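Everything below belongs to target_25.cif, which stores mmCIF, C-alpha atoms.
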data_run
#
loop_
_atom_site.label_atom_id
_atom_site.label_comp_id
_atom_site.auth_asym_id
_atom_site.auth_seq_id
_atom_site.Cartn_x
_atom_site.Cartn_y
_atom_site.Cartn_z
CA MET A 432 -96.81 35.75 -31.59
CA ASN A 433 -97.04 37.90 -28.46
CA PHE A 434 -98.78 37.18 -25.15
CA LEU A 435 -102.03 38.89 -26.15
CA GLU A 436 -102.28 37.12 -29.51
CA GLU A 437 -101.70 33.83 -27.72
CA LYS A 438 -104.40 34.68 -25.16
CA ILE A 439 -106.87 35.59 -27.92
CA LEU A 440 -106.23 32.28 -29.70
CA ALA A 441 -106.61 30.37 -26.43
CA ASP A 442 -109.65 32.15 -24.95
CA GLY A 443 -111.28 34.35 -27.60
CA ASN A 444 -114.44 33.39 -29.43
CA ILE A 445 -115.54 34.54 -32.87
CA LYS A 446 -119.23 35.22 -33.34
CA GLN A 447 -121.22 35.96 -36.46
CA GLY A 448 -121.24 39.65 -37.35
CA ASN A 449 -117.50 40.24 -37.01
CA ILE A 450 -117.63 40.02 -33.24
CA LEU A 451 -114.57 38.81 -31.33
CA LYS A 452 -115.63 37.91 -27.83
CA VAL A 453 -112.88 38.27 -25.25
CA ASP A 454 -115.18 38.87 -22.31
CA ASN A 455 -113.50 36.15 -20.28
CA PHE A 456 -110.29 38.16 -19.88
CA LEU A 457 -110.64 41.68 -21.27
CA ASN A 458 -114.04 43.32 -21.04
CA HIS A 459 -116.42 41.61 -18.64
CA GLN A 460 -114.24 39.36 -16.54
CA ILE A 461 -110.76 40.86 -16.45
CA ASP A 462 -107.54 38.89 -16.09
CA VAL A 463 -105.38 41.38 -14.21
CA ASP A 464 -102.17 39.63 -15.18
CA ILE A 465 -102.95 40.16 -18.88
CA ILE A 466 -104.01 43.76 -18.26
CA ARG A 467 -100.76 44.45 -16.40
CA GLN A 468 -98.75 42.95 -19.27
CA ILE A 469 -100.66 45.19 -21.70
CA ALA A 470 -99.93 48.25 -19.54
CA TYR A 471 -96.20 47.50 -19.29
CA GLU A 472 -96.02 46.81 -23.03
CA PHE A 473 -97.58 50.23 -23.73
CA LYS A 474 -95.05 51.78 -21.40
CA ARG A 475 -92.20 50.03 -23.19
CA ARG A 476 -93.41 51.02 -26.66
CA PHE A 477 -94.03 54.65 -25.72
CA LYS A 478 -90.77 55.00 -23.83
CA GLY A 479 -89.32 58.47 -24.11
CA LYS A 480 -92.60 60.14 -24.99
CA GLU A 481 -93.92 62.81 -22.67
CA VAL A 482 -97.28 61.73 -21.27
CA THR A 483 -99.17 63.86 -18.76
CA LYS A 484 -102.52 62.14 -18.96
CA ILE A 485 -104.17 58.96 -20.13
CA LEU A 486 -107.58 59.27 -21.76
CA THR A 487 -110.07 56.48 -22.34
CA ILE A 488 -113.80 56.03 -22.77
CA GLU A 489 -116.19 54.19 -20.49
CA ALA A 490 -116.76 51.46 -19.79
CA SER A 491 -114.52 48.64 -20.92
CA GLY A 492 -111.44 50.80 -21.57
CA ILE A 493 -111.29 51.90 -17.94
CA ALA A 494 -109.63 48.80 -16.51
CA ILE A 495 -106.68 48.86 -18.91
CA ALA A 496 -106.39 52.64 -18.70
CA ALA A 497 -106.39 52.62 -14.89
CA ILE A 498 -103.68 49.97 -14.65
CA ALA A 499 -101.69 51.76 -17.38
CA ALA A 500 -102.04 55.07 -15.54
CA SER A 501 -100.61 53.37 -12.48
CA VAL A 502 -97.63 52.23 -14.58
CA PHE A 503 -97.19 55.62 -16.30
CA GLU A 504 -97.73 57.43 -12.97
CA VAL A 505 -100.14 59.96 -14.50
CA PRO A 506 -103.86 60.65 -13.96
CA VAL A 507 -106.40 58.91 -16.17
CA VAL A 508 -109.51 60.63 -17.47
CA PHE A 509 -112.41 58.61 -18.75
CA ALA A 510 -114.82 60.15 -21.21
CA LYS A 511 -118.41 59.55 -20.16
CA LYS A 512 -121.28 58.46 -22.32
CA ALA A 513 -124.45 60.56 -22.01
CA LYS A 514 -124.84 63.44 -19.68
CA SER A 515 -124.66 62.80 -15.97
CA ILE A 516 -126.13 65.27 -13.52
CA ASN A 517 -122.81 65.02 -11.69
CA ILE A 518 -120.89 66.69 -14.53
CA ASP A 519 -120.79 70.47 -14.77
CA GLY A 520 -122.14 72.10 -17.91
CA SER A 521 -118.64 72.97 -18.95
CA VAL A 522 -117.68 69.93 -21.03
CA TYR A 523 -116.20 68.94 -24.36
CA CYS A 524 -118.82 66.87 -26.18
CA VAL A 525 -118.71 64.70 -29.31
CA GLU A 526 -121.05 62.15 -30.82
CA VAL A 527 -119.76 58.59 -31.16
CA GLU A 528 -121.34 55.65 -32.91
CA SER A 529 -120.80 52.32 -31.21
CA PHE A 530 -120.04 49.28 -33.37
CA THR A 531 -120.89 47.01 -30.44
CA HIS A 532 -124.12 48.61 -29.34
CA LYS A 533 -125.32 49.93 -32.72
CA ASN A 534 -126.24 53.31 -31.29
CA ILE A 535 -124.97 56.88 -31.08
CA SER A 536 -123.87 58.29 -27.73
CA GLN A 537 -122.86 61.73 -26.63
CA VAL A 538 -119.40 61.46 -25.13
CA ILE A 539 -118.17 64.13 -22.76
CA VAL A 540 -115.05 65.20 -20.90
CA SER A 541 -115.07 68.02 -18.39
CA LYS A 542 -113.03 71.00 -19.61
CA LYS A 543 -111.26 70.97 -16.24
CA TYR A 544 -109.42 67.76 -17.05
CA LEU A 545 -107.84 68.40 -20.46
CA SER A 546 -105.84 71.50 -21.34
CA PRO A 547 -103.35 72.73 -23.96
CA ASP A 548 -100.59 71.69 -21.53
CA ASP A 549 -101.61 68.05 -21.72
CA HIS A 550 -99.75 65.36 -23.66
CA VAL A 551 -102.29 62.61 -23.96
CA PHE A 552 -101.91 58.89 -24.43
CA ILE A 553 -105.29 57.52 -25.51
CA ILE A 554 -106.05 53.93 -24.55
CA ASP A 555 -108.89 51.60 -25.41
CA ASP A 556 -109.49 47.88 -25.27
CA PHE A 557 -110.78 47.58 -28.84
CA MET A 558 -110.64 49.41 -32.12
CA ALA A 559 -112.97 48.46 -34.96
CA ASN A 560 -114.04 51.27 -37.28
CA GLY A 561 -112.33 53.84 -35.06
CA CYS A 562 -115.41 55.90 -34.20
CA ALA A 563 -114.73 56.01 -30.47
CA MET A 564 -111.07 56.87 -31.08
CA ASN A 565 -111.99 59.66 -33.51
CA GLY A 566 -114.26 61.06 -30.83
CA LEU A 567 -111.49 61.04 -28.23
CA ILE A 568 -109.05 62.66 -30.69
CA ASP A 569 -111.64 65.36 -31.41
CA ILE A 570 -112.00 66.01 -27.69
CA CYS A 571 -108.21 66.42 -27.39
CA LYS A 572 -108.29 68.87 -30.31
CA MET A 573 -111.07 70.89 -28.66
CA ALA A 574 -108.93 71.05 -25.52
CA GLY A 575 -105.80 72.03 -27.48
CA ALA A 576 -104.06 69.00 -26.01
CA THR A 577 -101.40 66.99 -27.89
CA VAL A 578 -102.17 63.38 -28.77
CA GLU A 579 -98.82 61.68 -28.16
CA GLY A 580 -100.00 58.23 -29.06
CA ILE A 581 -102.80 55.72 -29.09
CA GLY A 582 -102.60 52.35 -27.41
CA ILE A 583 -105.09 49.65 -28.32
CA ALA A 584 -105.24 46.13 -26.95
CA ILE A 585 -107.05 44.51 -29.90
CA GLU A 586 -107.49 46.17 -33.28
CA LYS A 587 -109.79 44.62 -35.83
CA GLY A 588 -107.53 45.53 -38.74
CA PHE A 589 -110.00 44.46 -41.41
CA GLN A 590 -112.44 47.17 -40.30
CA GLY A 591 -109.91 49.84 -41.23
CA GLY A 592 -110.26 52.27 -38.34
CA GLY A 593 -106.65 51.93 -37.24
CA ASP A 594 -105.14 52.29 -40.72
CA ARG A 595 -107.21 55.41 -41.44
CA LEU A 596 -105.76 56.97 -38.28
CA ARG A 597 -102.21 55.88 -39.21
CA GLU A 598 -102.67 57.59 -42.59
CA ARG A 599 -103.57 60.75 -40.69
CA GLY A 600 -100.22 60.47 -38.89
CA TYR A 601 -101.24 59.16 -35.51
CA ASP A 602 -98.87 56.89 -33.62
CA ILE A 603 -101.08 53.87 -32.97
CA ASP A 604 -99.79 50.82 -31.20
CA SER A 605 -102.17 47.89 -31.21
CA LEU A 606 -100.88 44.87 -29.36
CA ALA A 607 -102.90 42.46 -31.49
CA ILE A 608 -104.18 43.34 -34.96
CA VAL A 609 -106.70 40.87 -36.30
CA GLU A 610 -106.43 40.76 -40.10
CA SER A 611 -109.15 38.21 -40.58
CA MET A 612 -111.29 35.87 -38.55
CA ASP A 613 -113.77 33.18 -39.46
CA ALA A 614 -116.75 32.44 -37.23
CA THR A 615 -117.26 29.05 -38.92
CA THR A 616 -113.74 27.64 -38.57
CA GLY A 617 -112.72 29.72 -35.55
CA GLU A 618 -109.53 30.74 -37.34
CA ILE A 619 -107.90 34.08 -36.53
CA GLU A 620 -105.08 35.64 -38.54
CA PHE A 621 -102.96 38.42 -37.00
CA ARG A 622 -101.02 41.13 -38.82
CA ALA A 623 -97.33 40.25 -38.74
CA MET B 1372 -108.78 61.47 9.59
CA ASN B 1373 -107.51 59.08 6.91
CA PHE B 1374 -106.00 59.85 3.48
CA LEU B 1375 -109.33 59.62 1.66
CA GLU B 1376 -111.19 61.86 4.10
CA GLU B 1377 -108.37 64.40 3.77
CA LYS B 1378 -108.57 64.19 -0.03
CA ILE B 1379 -112.34 64.70 0.03
CA LEU B 1380 -111.98 67.78 2.24
CA ALA B 1381 -109.25 69.15 -0.02
CA ASP B 1382 -110.74 68.40 -3.44
CA GLY B 1383 -114.40 67.40 -3.08
CA ASN B 1384 -117.28 69.73 -3.84
CA ILE B 1385 -120.76 69.62 -2.39
CA LYS B 1386 -123.61 70.40 -4.76
CA GLN B 1387 -127.28 70.95 -4.08
CA GLY B 1388 -129.28 67.72 -4.04
CA ASN B 1389 -126.93 65.76 -1.76
CA ILE B 1390 -124.31 65.41 -4.45
CA LEU B 1391 -120.66 65.10 -3.46
CA LYS B 1392 -118.54 65.76 -6.52
CA VAL B 1393 -115.19 64.00 -6.46
CA ASP B 1394 -114.77 63.83 -10.20
CA ASN B 1395 -111.32 65.40 -10.03
CA PHE B 1396 -109.81 62.31 -8.38
CA LEU B 1397 -112.28 59.43 -8.20
CA ASN B 1398 -114.80 59.11 -11.00
CA HIS B 1399 -113.97 61.18 -14.07
CA GLN B 1400 -110.34 62.13 -13.65
CA ILE B 1401 -108.69 59.47 -11.53
CA ASP B 1402 -105.73 60.04 -9.23
CA VAL B 1403 -103.99 56.68 -9.43
CA ASP B 1404 -102.05 57.26 -6.23
CA ILE B 1405 -105.30 57.65 -4.27
CA ILE B 1406 -106.85 54.63 -6.01
CA ARG B 1407 -103.80 52.52 -5.16
CA GLN B 1408 -104.01 53.62 -1.51
CA ILE B 1409 -107.69 52.64 -1.50
CA ALA B 1410 -106.86 49.23 -2.98
CA TYR B 1411 -104.10 48.53 -0.44
CA GLU B 1412 -106.36 49.66 2.41
CA PHE B 1413 -109.06 47.21 1.27
CA LYS B 1414 -106.43 44.49 1.17
CA ARG B 1415 -105.29 45.37 4.69
CA ARG B 1416 -108.81 45.43 6.10
CA PHE B 1417 -109.86 42.19 4.44
CA LYS B 1418 -106.65 40.35 5.35
CA GLY B 1419 -107.22 36.68 6.01
CA LYS B 1420 -110.47 36.50 4.07
CA GLU B 1421 -110.65 34.17 1.13
CA VAL B 1422 -111.34 36.18 -2.02
CA THR B 1423 -111.53 34.50 -5.44
CA LYS B 1424 -113.11 37.35 -7.36
CA ILE B 1425 -113.78 41.04 -7.21
CA LEU B 1426 -117.14 42.25 -8.49
CA THR B 1427 -118.07 45.82 -9.39
CA ILE B 1428 -120.49 47.65 -11.62
CA GLU B 1429 -119.69 49.85 -14.59
CA ALA B 1430 -118.58 52.44 -15.05
CA SER B 1431 -116.97 54.40 -12.26
CA GLY B 1432 -116.30 51.42 -9.99
CA ILE B 1433 -114.08 49.77 -12.59
CA ALA B 1434 -110.92 51.79 -11.94
CA ILE B 1435 -110.81 51.03 -8.21
CA ALA B 1436 -111.87 47.42 -8.77
CA ALA B 1437 -109.20 46.84 -11.44
CA ILE B 1438 -106.40 48.25 -9.28
CA ALA B 1439 -107.72 46.31 -6.27
CA ALA B 1440 -107.86 43.11 -8.32
CA SER B 1441 -104.23 43.67 -9.19
CA VAL B 1442 -103.43 43.97 -5.46
CA PHE B 1443 -105.60 40.97 -4.48
CA GLU B 1444 -104.26 38.96 -7.48
CA VAL B 1445 -107.74 37.77 -8.49
CA PRO B 1446 -109.90 38.40 -11.56
CA VAL B 1447 -112.38 41.26 -11.53
CA VAL B 1448 -115.85 41.03 -13.06
CA PHE B 1449 -117.77 44.14 -13.88
CA ALA B 1450 -121.54 44.01 -14.07
CA LYS B 1451 -122.79 45.69 -17.21
CA LYS B 1452 -125.68 48.09 -17.54
CA ALA B 1453 -128.17 47.27 -20.29
CA LYS B 1454 -127.83 44.38 -22.65
CA SER B 1455 -124.89 44.35 -25.01
CA ILE B 1456 -124.99 42.22 -28.14
CA ASN B 1457 -121.57 40.94 -27.04
CA ILE B 1458 -123.01 39.15 -24.00
CA ASP B 1459 -124.49 35.68 -24.36
CA GLY B 1460 -128.10 35.15 -23.37
CA SER B 1461 -126.98 33.26 -20.32
CA VAL B 1462 -126.75 36.04 -17.72
CA TYR B 1463 -127.80 36.94 -14.21
CA CYS B 1464 -129.91 40.07 -14.45
CA VAL B 1465 -131.25 42.52 -11.84
CA GLU B 1466 -132.81 45.96 -12.04
CA VAL B 1467 -130.95 48.80 -10.33
CA GLU B 1468 -132.10 52.35 -9.74
CA SER B 1469 -129.35 54.96 -10.02
CA PHE B 1470 -129.30 57.81 -7.51
CA THR B 1471 -126.95 59.75 -9.77
CA HIS B 1472 -128.75 59.28 -13.05
CA LYS B 1473 -132.32 59.01 -11.75
CA ASN B 1474 -133.11 56.04 -13.93
CA ILE B 1475 -133.49 52.26 -13.76
CA SER B 1476 -130.99 50.03 -15.56
CA GLN B 1477 -130.85 46.34 -16.16
CA VAL B 1478 -127.57 45.08 -14.74
CA ILE B 1479 -126.15 41.80 -15.96
CA VAL B 1480 -123.31 39.39 -15.23
CA SER B 1481 -122.60 36.42 -17.45
CA LYS B 1482 -123.27 33.13 -15.65
CA LYS B 1483 -119.82 31.99 -16.76
CA TYR B 1484 -118.07 34.39 -14.41
CA LEU B 1485 -119.71 33.77 -11.03
CA SER B 1486 -120.23 30.33 -9.50
CA PRO B 1487 -120.98 28.70 -6.12
CA ASP B 1488 -117.22 28.27 -5.72
CA ASP B 1489 -116.63 32.01 -5.74
CA HIS B 1490 -115.87 34.10 -2.67
CA VAL B 1491 -116.64 37.61 -3.79
CA PHE B 1492 -115.37 40.96 -2.62
CA ILE B 1493 -117.71 43.61 -4.00
CA ILE B 1494 -116.19 47.04 -4.63
CA ASP B 1495 -117.70 50.35 -5.64
CA ASP B 1496 -116.60 53.97 -5.57
CA PHE B 1497 -119.78 55.27 -3.93
CA MET B 1498 -122.66 54.06 -1.84
CA ALA B 1499 -125.74 56.22 -1.33
CA ASN B 1500 -129.04 54.40 -0.90
CA GLY B 1501 -127.35 51.08 -1.68
CA CYS B 1502 -129.42 50.16 -4.74
CA ALA B 1503 -126.43 49.23 -6.89
CA MET B 1504 -124.93 47.19 -4.04
CA ASN B 1505 -128.21 45.36 -3.43
CA GLY B 1506 -128.24 44.49 -7.12
CA LEU B 1507 -124.70 43.08 -6.99
CA ILE B 1508 -125.53 41.09 -3.82
CA ASP B 1509 -128.61 39.67 -5.55
CA ILE B 1510 -126.47 38.63 -8.50
CA CYS B 1511 -124.07 36.81 -6.12
CA LYS B 1512 -127.06 35.04 -4.53
CA MET B 1513 -128.34 33.96 -7.95
CA ALA B 1514 -124.88 32.53 -8.66
CA GLY B 1515 -124.70 30.80 -5.27
CA ALA B 1516 -121.48 32.73 -4.60
CA THR B 1517 -120.43 33.87 -1.12
CA VAL B 1518 -120.21 37.62 -0.48
CA GLU B 1519 -117.10 37.85 1.71
CA GLY B 1520 -117.20 41.60 2.06
CA ILE B 1521 -118.02 44.93 0.53
CA GLY B 1522 -115.49 47.70 0.02
CA ILE B 1523 -116.67 51.22 -0.66
CA ALA B 1524 -114.52 54.28 -1.15
CA ILE B 1525 -117.10 56.88 -0.11
CA GLU B 1526 -120.35 56.07 1.68
CA LYS B 1527 -122.98 58.74 2.10
CA GLY B 1528 -123.95 57.51 5.57
CA PHE B 1529 -126.94 59.82 5.87
CA GLN B 1530 -128.65 58.06 2.97
CA GLY B 1531 -128.73 54.83 4.97
CA GLY B 1532 -127.81 52.28 2.31
CA GLY B 1533 -124.69 51.09 4.13
CA ASP B 1534 -126.33 50.76 7.54
CA ARG B 1535 -129.24 48.77 6.11
CA LEU B 1536 -126.72 46.30 4.66
CA ARG B 1537 -124.77 46.16 7.97
CA GLU B 1538 -128.05 45.29 9.74
CA ARG B 1539 -128.43 42.41 7.30
CA GLY B 1540 -125.01 41.15 8.42
CA TYR B 1541 -122.79 42.21 5.53
CA ASP B 1542 -119.18 43.14 6.24
CA ILE B 1543 -118.99 46.61 4.72
CA ASP B 1544 -115.85 48.66 4.87
CA SER B 1545 -116.25 52.22 3.68
CA LEU B 1546 -113.05 54.22 3.77
CA ALA B 1547 -114.90 57.51 4.21
CA ILE B 1548 -118.43 57.71 5.61
CA VAL B 1549 -120.02 61.13 5.17
CA GLU B 1550 -122.46 61.71 8.04
CA SER B 1551 -123.54 65.14 6.88
CA MET B 1552 -122.61 67.74 4.33
CA ASP B 1553 -123.78 71.26 3.66
CA ALA B 1554 -123.79 72.68 0.14
CA THR B 1555 -124.04 76.22 1.51
CA THR B 1556 -121.12 76.19 3.93
CA GLY B 1557 -119.14 73.41 2.20
CA GLU B 1558 -118.78 71.59 5.53
CA ILE B 1559 -118.44 67.82 5.58
CA GLU B 1560 -118.66 65.68 8.69
CA PHE B 1561 -117.31 62.12 8.66
CA ARG B 1562 -118.37 59.21 10.87
CA ALA B 1563 -115.73 58.64 13.52
#

Can the structure from this file be put into structure tokens for me?
Amino acid sequence: MNFLEEKILADGNIKQGNILKVDNFLNHQIDVDIIRQIAYEFKRRFKGKEVTKILTIEASGIAIAAIAASVFEVPVVFAKKAKSINIDGSVYCVEVESFTHKNISQVIVSKKYLSPDDHVFIIDDFMANGCAMNGLIDICKMAGATVEGIGIAIEKGFQGGGDRLRERGYDIDSLAIVESMDATTGEIEFRA
Amino acid sequence: MNFLEEKILADGNIKQGNILKVDNFLNHQIDVDIIRQIAYEFKRRFKGKEVTKILTIEASGIAIAAIAASVFEVPVVFAKKAKSINIDGSVYCVEVESFTHKNISQVIVSKKYLSPDDHVFIIDDFMANGCAMNGLIDICKMAGATVEGIGIAIEKGFQGGGDRLRERGYDIDSLAIVESMDATTGEIEFRA
């Protein structure tokens, strides 16, 4: 069992509706020591790959992506939800359904910040059904950029998003893959 | 002129409507070297102050706050806009008007993550009229936490939010205070 799986067992909470709450260390209050360990583990696992840019989606992916960008020594771009008046009209735009929020958002990245020269490492804190990740991959395709890999802190394996992307050939590294969890008993089983 | 003022002059863009676009290094694509310099400068300026927690607001403040938390070696909490089903009912909640997005959001922090024992350093990427900052201060008051200081990357001084908070006695350190800017000529004047 790795550091993140241990942390999830110690501090995570399972709620009805397939929700794993880790808001005490990952996505509301952030334990920077854990985030740094995640960033260095991504760096170790993606050693030797060319990465020119890290891409994530607001909001909760930003903390991990920023610390990881500092470790990888590359810029990080975060895709924005909904249109801000501070973004030029010239953007890549996809629609993404949120498992957490039960809504559909437009997600945009300025065309200035992704190009065919970019080798992108996509990072997010969670993967469930993979909708957000599919959106970010589509944005990379629109830009002609290469997706070198995908780094996820916690994948909810039983929701299938990660495996569907693996079948499509993407190099996905999830530091903790939850195979099953039980809100009644509090038990969590990780993929070996 | 400091590193951030130089970066703004080199890479910032002034748009009609008092908008300073720095989305190529601060709030869409993020230059991690600049963010690290900002974090270390906050640490230097707030040396000797007791800080137990960094507080920011999603989304664009998270990158600076996460890197700063890593430098300060304390947890970071980010206030969330709108109610997520992943947050318990037990939250501090304020309403904040966004200058950028021209709307009003409910901003929440779980009561678990701020307490009377906390000495809070509030961080954000931008301050204009100070609405977001007032909201975060109000949340600290609700929690009984002490606001030790406020660190801002770029303050739009001519919009008055920072000076109104200084008059109320808050220790605000803005690394670049824009006194005036002209969308026609592209000129930016910083507070000395």

Given the PyMOL selection byres ((chain A) within 10 of (chain B)), the residues it picks as JSON, numbers by chain: {"A": [446, 450, 451, 452, 453, 454, 455, 456, 457, 458, 459, 460, 461, 462, 463, 464, 466, 467, 484, 485, 486, 488, 489, 490, 491, 492, 493, 494, 495, 496, 497, 498, 499, 500, 501, 502, 503, 504, 505, 506, 507, 508, 509, 510, 511, 512, 514, 515, 516, 517, 518, 519, 531, 532, 533, 540, 541, 543, 544, 545]}

Using the chain letters and numbers from this file, what does the PyMOL selection byres ((chain A and resi 602) around 8) select? Give the answer as a PDB file with C-alpha atoms, keeping the file's coordinate frame.
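Written output follows (part_2.pdb):
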ATOM      1  CA  GLU A 579     -98.820  61.680 -28.160  1.00  0.00           C
ATOM      2  CA  GLY A 580    -100.000  58.230 -29.060  1.00  0.00           C
ATOM      3  CA  ILE A 581    -102.800  55.720 -29.090  1.00  0.00           C
ATOM      4  CA  ARG A 597    -102.210  55.880 -39.210  1.00  0.00           C
ATOM      5  CA  GLY A 600    -100.220  60.470 -38.890  1.00  0.00           C
ATOM      6  CA  TYR A 601    -101.240  59.160 -35.510  1.00  0.00           C
ATOM      7  CA  ILE A 603    -101.080  53.870 -32.970  1.00  0.00           C
ATOM      8  CA  ASP A 604     -99.790  50.820 -31.200  1.00  0.00           C
TER       9      ASP A 604
END

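For the pair atom CA of A:Thr577 and atom CA of A:Pro547, the separation is 7.2 Å.
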
Residues selected by the PyMOL selection byres ((chain B and resi 1389) around 12), written as a PyMOL selection string: (chain A and resi 516-517) or (chain B and resi 1384-1388+1390-1392+1470-1471+1499-1500+1527-1530+1549-1555+1557+1559)

Where's the centre, and what are the edge lengths in Å to one decimal, of a box along x, y and z enclosing all listed atoms of stretch 1421-1440 of chain B padded 3 Å per side, as AutoDock Vina command-line options?
--center_x -113.4 --center_y 44.3 --center_z -7.0 --size_x 20.1 --size_y 26.2 --size_z 22.2

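The protein and nucleic acid residues lying at most 9 Å from A:Cys571 are A:Tyr523, A:Leu545, A:Ser546, A:Pro547, A:Asp549, A:Val551, A:Gly566, A:Leu567, A:Ile568, A:Ala574, A:Gly575, A:Ala576, A:Thr577, A:Val578, with all atoms listed in the file considered and sequence neighbours fewer than 3 positions away removed.
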
Pick out the closest residue to B:Leu1546 from this set: B:Leu1380, B:Cys1502, B:Ile1523, B:Ala1453. Count all atoms listed in the file. B:Ile1523

Excluding A:Phe473 and any residue of its chain fewer than 3 positions from it, enumerate the residues within 8 Å of it, using only C-alpha atoms, and give them as JSON, numbers by chain. {"A": [469, 470, 476, 477, 499, 582, 604]}

How far is it from atom CA of B:Tyr1411 to atom CA of B:Ala1381, in Å with one decimal?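 Computed distance, atom CA of B:Tyr1411 to atom CA of B:Ala1381, equals 21.3 Å.
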
Any idea what the distance is between atom CA of A:Glu586 and atom CA of B:Ile1479? 25.8 Å

From the list A:Ile465, A:Ile585, A:Met573, A:Cys524, the nearest residue to A:Ile554 using all atoms listed in the file is A:Ile585
